[in-house]
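Quick look at run-v7.tsv (TSV, C-alpha atoms):
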chain	number	residue	atom	x	y	z
A	271	MET	CA	49.94	41.14	-19.05
A	272	ARG	CA	48.20	37.85	-18.43
A	273	ILE	CA	47.81	34.57	-20.30
A	274	ARG	CA	44.37	32.97	-20.44
A	275	GLU	CA	43.29	29.60	-21.80
A	276	CYS	CA	40.51	29.80	-24.41
A	277	GLY	CA	39.26	26.28	-25.02
A	278	ASP	CA	41.71	23.44	-25.60
A	279	SER	CA	43.65	24.91	-28.53
A	280	MET	CA	44.27	28.61	-27.91
A	281	LEU	CA	46.02	30.85	-25.42
A	282	LEU	CA	45.08	34.53	-25.26
A	283	VAL	CA	47.78	36.95	-24.18
A	284	GLU	CA	46.13	40.07	-22.78
A	285	PHE	CA	47.77	43.46	-22.36
A	286	ALA	CA	46.00	46.57	-21.03
A	287	ALA	CA	42.49	46.71	-22.50
A	288	VAL	CA	42.93	50.02	-24.32
A	289	ILE	CA	43.25	51.28	-27.88
A	290	ASP	CA	46.76	52.63	-27.61
A	291	PRO	CA	49.61	52.69	-30.17
A	292	GLN	CA	52.29	51.64	-27.68
A	293	VAL	CA	50.25	48.74	-26.32
A	294	ASN	CA	49.42	47.68	-29.87
A	295	GLN	CA	53.07	47.85	-30.92
A	296	ARG	CA	54.02	45.55	-28.04
A	297	VAL	CA	51.31	43.17	-29.22
A	298	ILE	CA	52.73	43.21	-32.76
A	299	ALA	CA	56.30	42.75	-31.49
A	300	LEU	CA	55.31	39.82	-29.28
A	301	ALA	CA	53.44	38.16	-32.15
A	302	ALA	CA	56.51	38.49	-34.37
A	303	ARG	CA	58.80	37.01	-31.72
A	304	LEU	CA	56.46	34.08	-31.14
A	305	ARG	CA	56.28	33.36	-34.88
A	306	ASP	CA	60.08	33.48	-35.11
A	307	ARG	CA	60.40	31.15	-32.13
A	308	ARG	CA	58.47	28.42	-33.96
A	309	ALA	CA	57.42	26.64	-30.78
A	310	ARG	CA	56.34	23.04	-31.28
A	311	GLY	CA	52.64	22.65	-32.02
A	312	VAL	CA	51.89	26.36	-32.60
A	313	ARG	CA	49.60	26.70	-35.63
A	314	ASP	CA	49.05	30.46	-35.79
A	315	VAL	CA	49.75	33.69	-33.93
A	316	ALA	CA	47.14	36.43	-34.37
A	317	PRO	CA	47.71	39.97	-33.01
A	318	GLY	CA	44.72	42.14	-32.08
A	319	TYR	CA	44.34	45.63	-30.62
A	320	CYS	CA	45.68	44.61	-27.21
A	321	THR	CA	45.80	40.81	-27.35
A	322	VAL	CA	47.71	38.02	-29.04
A	323	GLY	CA	45.91	34.79	-29.87
A	324	VAL	CA	48.24	31.77	-29.92
A	325	HIS	CA	46.56	28.84	-31.65
A	326	PHE	CA	48.13	25.43	-31.07
A	327	ASP	CA	47.68	21.71	-31.62
A	328	PRO	CA	46.86	20.28	-28.17
A	329	VAL	CA	48.23	16.88	-29.16
A	330	GLN	CA	51.68	18.22	-30.07
A	331	THR	CA	52.01	21.08	-27.57
A	332	ASP	CA	53.46	21.15	-24.08
A	333	LEU	CA	51.05	23.77	-22.73
A	334	ARG	CA	53.09	24.75	-19.68
A	335	ALA	CA	56.24	25.11	-21.77
A	336	LEU	CA	54.35	27.25	-24.27
A	337	GLU	CA	53.05	29.53	-21.51
A	338	THR	CA	56.59	29.91	-20.18
A	339	ALA	CA	57.89	30.74	-23.66
A	340	ILE	CA	55.17	33.38	-24.12
A	341	ALA	CA	55.95	34.96	-20.74
A	342	ASP	CA	59.69	35.02	-21.53
A	343	GLU	CA	59.15	36.68	-24.91
A	344	ALA	CA	56.66	39.17	-23.44
A	345	ALA	CA	59.19	40.20	-20.81
A	346	LEU	CA	61.76	40.88	-23.54
A	347	VAL	CA	59.22	42.95	-25.49
A	348	GLN	CA	58.39	45.01	-22.41
A	349	THR	CA	62.04	45.87	-21.72
A	350	ALA	CA	63.23	46.36	-25.31
A	351	PHE	CA	60.30	48.22	-26.83
A	352	THR	CA	61.05	50.44	-29.83
A	353	GLU	CA	58.91	51.60	-32.73
A	354	SER	CA	60.42	52.87	-35.94
A	355	ALA	CA	58.85	55.67	-37.98
A	356	LYS	CA	56.99	54.56	-41.11
A	357	THR	CA	56.04	56.34	-44.30
A	358	PRO	CA	52.23	56.51	-44.49
A	359	ILE	CA	50.58	54.49	-47.24
A	360	GLU	CA	48.33	56.80	-49.27
A	361	ILE	CA	44.90	55.58	-50.36
A	362	GLY	CA	42.90	57.71	-52.78
A	363	VAL	CA	39.21	57.99	-51.92
A	364	LEU	CA	36.21	59.30	-53.81
A	365	TYR	CA	34.06	60.72	-51.03
A	366	GLY	CA	30.29	61.14	-51.12
A	367	GLY	CA	27.63	60.45	-53.75
A	368	GLU	CA	27.05	56.80	-54.65
A	369	ALA	CA	30.53	56.01	-53.34
A	370	GLY	CA	29.69	57.34	-49.86
A	371	PRO	CA	25.96	56.91	-49.18
A	372	ASP	CA	26.30	57.66	-45.44
A	373	LEU	CA	28.42	60.80	-45.73
A	374	ALA	CA	25.45	63.14	-45.24
A	375	ALA	CA	24.28	61.17	-42.19
A	376	VAL	CA	27.76	61.38	-40.62
A	377	ALA	CA	27.76	65.13	-41.28
A	378	GLU	CA	24.37	65.51	-39.62
A	379	HIS	CA	25.53	63.42	-36.65
A	380	ALA	CA	28.62	65.63	-36.35
A	381	GLY	CA	26.72	68.88	-36.83
A	382	CYS	CA	28.86	69.91	-39.77
A	383	THR	CA	28.89	69.80	-43.57
A	384	SER	CA	29.79	66.81	-45.71
A	385	ALA	CA	32.88	68.71	-46.86
A	386	ASP	CA	33.91	69.09	-43.21
A	387	VAL	CA	33.64	65.33	-42.71
A	388	VAL	CA	35.88	64.72	-45.73
A	389	GLU	CA	38.39	67.27	-44.51
A	390	ARG	CA	38.50	65.81	-40.99
A	391	HIS	CA	38.70	62.21	-42.18
A	392	ALA	CA	41.52	62.98	-44.62
A	393	ALA	CA	43.45	65.19	-42.19
A	394	ARG	CA	44.67	62.36	-39.97
A	395	ILE	CA	47.29	59.65	-40.29
A	396	TYR	CA	45.76	56.38	-39.15
A	397	ARG	CA	47.42	53.43	-37.47
A	398	VAL	CA	46.53	49.91	-38.58
A	399	TYR	CA	45.81	48.17	-35.28
A	400	MET	CA	44.79	44.75	-36.57
A	401	LEU	CA	43.43	42.74	-39.49
A	402	GLY	CA	40.20	40.79	-39.21
A	403	PHE	CA	36.55	40.27	-40.17
A	404	VAL	CA	37.47	39.32	-43.75
A	405	PRO	CA	40.96	38.85	-45.28
A	406	GLY	CA	42.75	42.16	-45.56
A	407	PHE	CA	40.26	44.24	-43.56
A	408	ALA	CA	42.40	46.69	-41.56
A	409	TYR	CA	40.98	48.23	-38.40
A	410	MET	CA	42.41	51.75	-38.25
A	411	GLY	CA	42.16	54.60	-35.79
A	412	ARG	CA	41.42	56.99	-34.56
A	413	VAL	CA	39.11	59.27	-36.49
A	414	ASP	CA	38.42	62.81	-35.35
A	415	PRO	CA	35.99	62.31	-32.43
A	416	THR	CA	33.55	64.79	-33.97
A	417	ILE	CA	32.88	62.42	-36.89
A	418	ALA	CA	32.90	59.19	-34.85
A	419	MET	CA	29.53	57.53	-35.45
A	420	PRO	CA	28.21	54.10	-34.36
A	421	ARG	CA	27.63	51.27	-36.83
A	422	HIS	CA	24.23	50.80	-38.40
A	423	ARG	CA	21.89	48.79	-36.20
A	424	ALA	CA	20.99	46.63	-39.20
A	425	PRO	CA	24.05	45.88	-41.40
A	426	ARG	CA	23.82	46.10	-45.16
A	427	GLU	CA	23.65	42.73	-46.87
A	428	ARG	CA	26.30	43.81	-49.38
A	429	VAL	CA	28.89	46.55	-49.08
A	430	PRO	CA	30.79	47.21	-52.36
A	431	ILE	CA	34.49	46.39	-52.53
A	432	GLY	CA	36.68	49.38	-51.70
A	433	SER	CA	34.08	51.11	-49.51
A	434	VAL	CA	35.59	53.35	-46.84
A	435	GLY	CA	33.67	53.43	-43.59
A	436	ILE	CA	33.55	54.72	-40.04
A	437	ALA	CA	32.50	52.75	-36.95
A	438	GLY	CA	32.93	54.65	-33.71
A	439	GLU	CA	36.49	55.97	-33.68
A	440	GLN	CA	37.61	53.34	-36.19
A	441	THR	CA	37.88	53.61	-39.94
A	442	GLY	CA	38.52	50.95	-42.55
A	443	VAL	CA	38.28	49.83	-46.17
A	444	TYR	CA	36.23	46.82	-47.26
A	445	PRO	CA	38.73	44.68	-49.22
A	446	VAL	CA	35.97	42.52	-50.73
A	447	ALA	CA	32.24	42.89	-51.23
A	448	SER	CA	30.60	41.63	-48.05
A	449	PRO	CA	27.90	42.35	-45.49
A	450	GLY	CA	28.78	45.23	-43.20
A	451	GLY	CA	27.40	47.84	-40.84
A	452	TRP	CA	29.93	50.64	-41.02
A	453	GLN	CA	28.98	54.18	-42.06
A	454	LEU	CA	30.11	54.42	-45.69
A	455	ILE	CA	31.63	57.79	-46.61
A	456	GLY	CA	33.60	56.99	-49.76
A	457	ARG	CA	35.21	54.35	-51.96
A	458	THR	CA	38.68	53.55	-53.28
A	459	THR	CA	39.92	51.60	-56.28
A	460	THR	CA	43.08	50.61	-54.38
A	461	VAL	CA	43.34	46.81	-54.19
A	462	MET	CA	43.45	46.05	-50.47
A	463	PHE	CA	43.69	42.26	-50.74
A	464	ASP	CA	44.92	40.07	-53.58
A	465	PRO	CA	45.60	36.37	-52.88
A	466	THR	CA	48.00	36.23	-55.85
A	467	ARG	CA	50.15	39.00	-54.36
A	468	SER	CA	52.83	38.59	-51.70
A	469	PRO	CA	51.93	39.75	-49.17
A	470	ALA	CA	48.28	39.37	-50.10
A	471	SER	CA	47.14	42.22	-47.84
A	472	LEU	CA	48.20	45.75	-48.72
A	473	LEU	CA	48.21	46.71	-45.05
A	474	ALA	CA	49.70	45.06	-41.98
A	475	PRO	CA	49.36	45.78	-38.26
A	476	GLY	CA	51.57	48.72	-37.35
A	477	ASP	CA	51.33	50.39	-40.77
A	478	GLU	CA	50.22	54.01	-41.11
A	479	VAL	CA	47.67	55.23	-43.65
A	480	ARG	CA	46.66	58.59	-45.10
A	481	PHE	CA	43.41	58.94	-47.08
A	482	VAL	CA	43.62	61.36	-50.02
A	483	PRO	CA	40.41	62.85	-51.49
A	484	LEU	CA	40.14	62.30	-55.23
A	485	ALA	CA	38.78	64.73	-57.81
A	486	GLY	CA	35.00	64.62	-57.75
A	487	SER	CA	34.77	64.10	-54.00
A	488	CYS	CA	32.20	66.05	-52.01
A	489	ARG	CA	33.70	69.39	-51.09

Could you show the structure in this file as structure tokens?
Amino acid sequence: MRIRECGDSMLLVEFAAVIDPQVNQRVIALAARLRDRRARGVRDVAPGYCTVGVHFDPVQTDLRALETAIADEAALVQTAFTESAKTPIEIGVLYGGEAGPDLAAVAEHAGCTSADVVERHAARIYRVYMLGFVPGFAYMGRVDPTIAMPRHRAPRERVPIGSVGIAGEQTGVYPVASPGGWQLIGRTTTVMFDPTRSPASLLAPGDEVRFVPLAGSCR
């Protein structure tokens, strides 16, 4: 682990640069401990795949004291790491057709049928590694490597709300209509983000998700 200054108002705590559930759980645990600590001047704590961004007010913050606090909490996380089992959150998906305009392309890329892509995508339980891009967008992994496909070179100007996509070994659901370059294989009516709800995001880092094909999906 190392702590790096990013500008004059953020510290970046870096763990091993890998997509790994145990590393990610340490990231989540450290972020929670730092939030609970409520260090003076800290504005926000944002966990990523293998990093924690600590945003602070440079006028109110003792930077050296904050770095020491982060290192102390990180040491406790490293020595007292545990992860409890969670019940997967099920999200129903209509795969293919207008709901999944890239399903056939993913199948061609994988050298299989569209039904095979659906089966492989729905067969796994996915970990939510982080939230980002837009409110409530959960980066999940990992998909079956046979259906991993790069993003589009030119993103769509508008991806419909609820679209389920693949980007490399990641999968995710667009919580709002927005531009996006992921390979769209289906769509859900599940509300992923609602600012009037508490918490607003359906998913949080560390959650587990299972996608369930709905009637009418490509088979």

**OP:** Using all atoms listed in the file, determine which residues lie at most 10 Å from region 309-326 of chain A, disregarding the query and same-chain residues fewer than 3 positions distant; provide the list as number ranges by chain.
**Re:** A: 271-276, 278-306, 329-333, 335-337, 339-340, 398-402, 409-410, 475

**OP:** Please measure the separation of CA of Glu378 (chain A) and CA of Gly411 (chain A), giving the value in Å to one decimal.
**Re:** 21.2 Å

**OP:** Up to 12 Å from (19.7, 49.3, -42.8) in the file's coordinates: name the residues, counting only C-alpha atoms, as number ranges by chain.
**Re:** A: 371-372, 421-429, 449-454

**OP:** Please identify all polymer residues within 6 Å of region 458-469 of chain A, counting all atoms listed in the file, omitting same-chain residues fewer than 2 positions from it, and present them as a PyMOL selection string.
**Re:** chain A and resi 362-363+406+432+445+471-472

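For the residues A:Asp414, A:Glu389, A:Glu360, A:Asp327, ranking by smallest atom-to-atom distance to Phe481 (chain A) using only C-alpha atoms places A:Glu360 first.
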
Could you list, as a tab-separated table (two decimals) with C-alpha atoms, in the frame of the given file, every residue within 9 Å of Ala392 (chain A), counting all atoms listed in the file and ignoring same-chain residues fewer than 3 positions away?
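Final output, out.tsv:
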chain	number	residue	atom	x	y	z
A	387	VAL	CA	33.64	65.33	-42.71
A	388	VAL	CA	35.88	64.72	-45.73
A	389	GLU	CA	38.39	67.27	-44.51
A	395	ILE	CA	47.29	59.65	-40.29
A	480	ARG	CA	46.66	58.59	-45.10
A	481	PHE	CA	43.41	58.94	-47.08
A	482	VAL	CA	43.62	61.36	-50.02
A	483	PRO	CA	40.41	62.85	-51.49
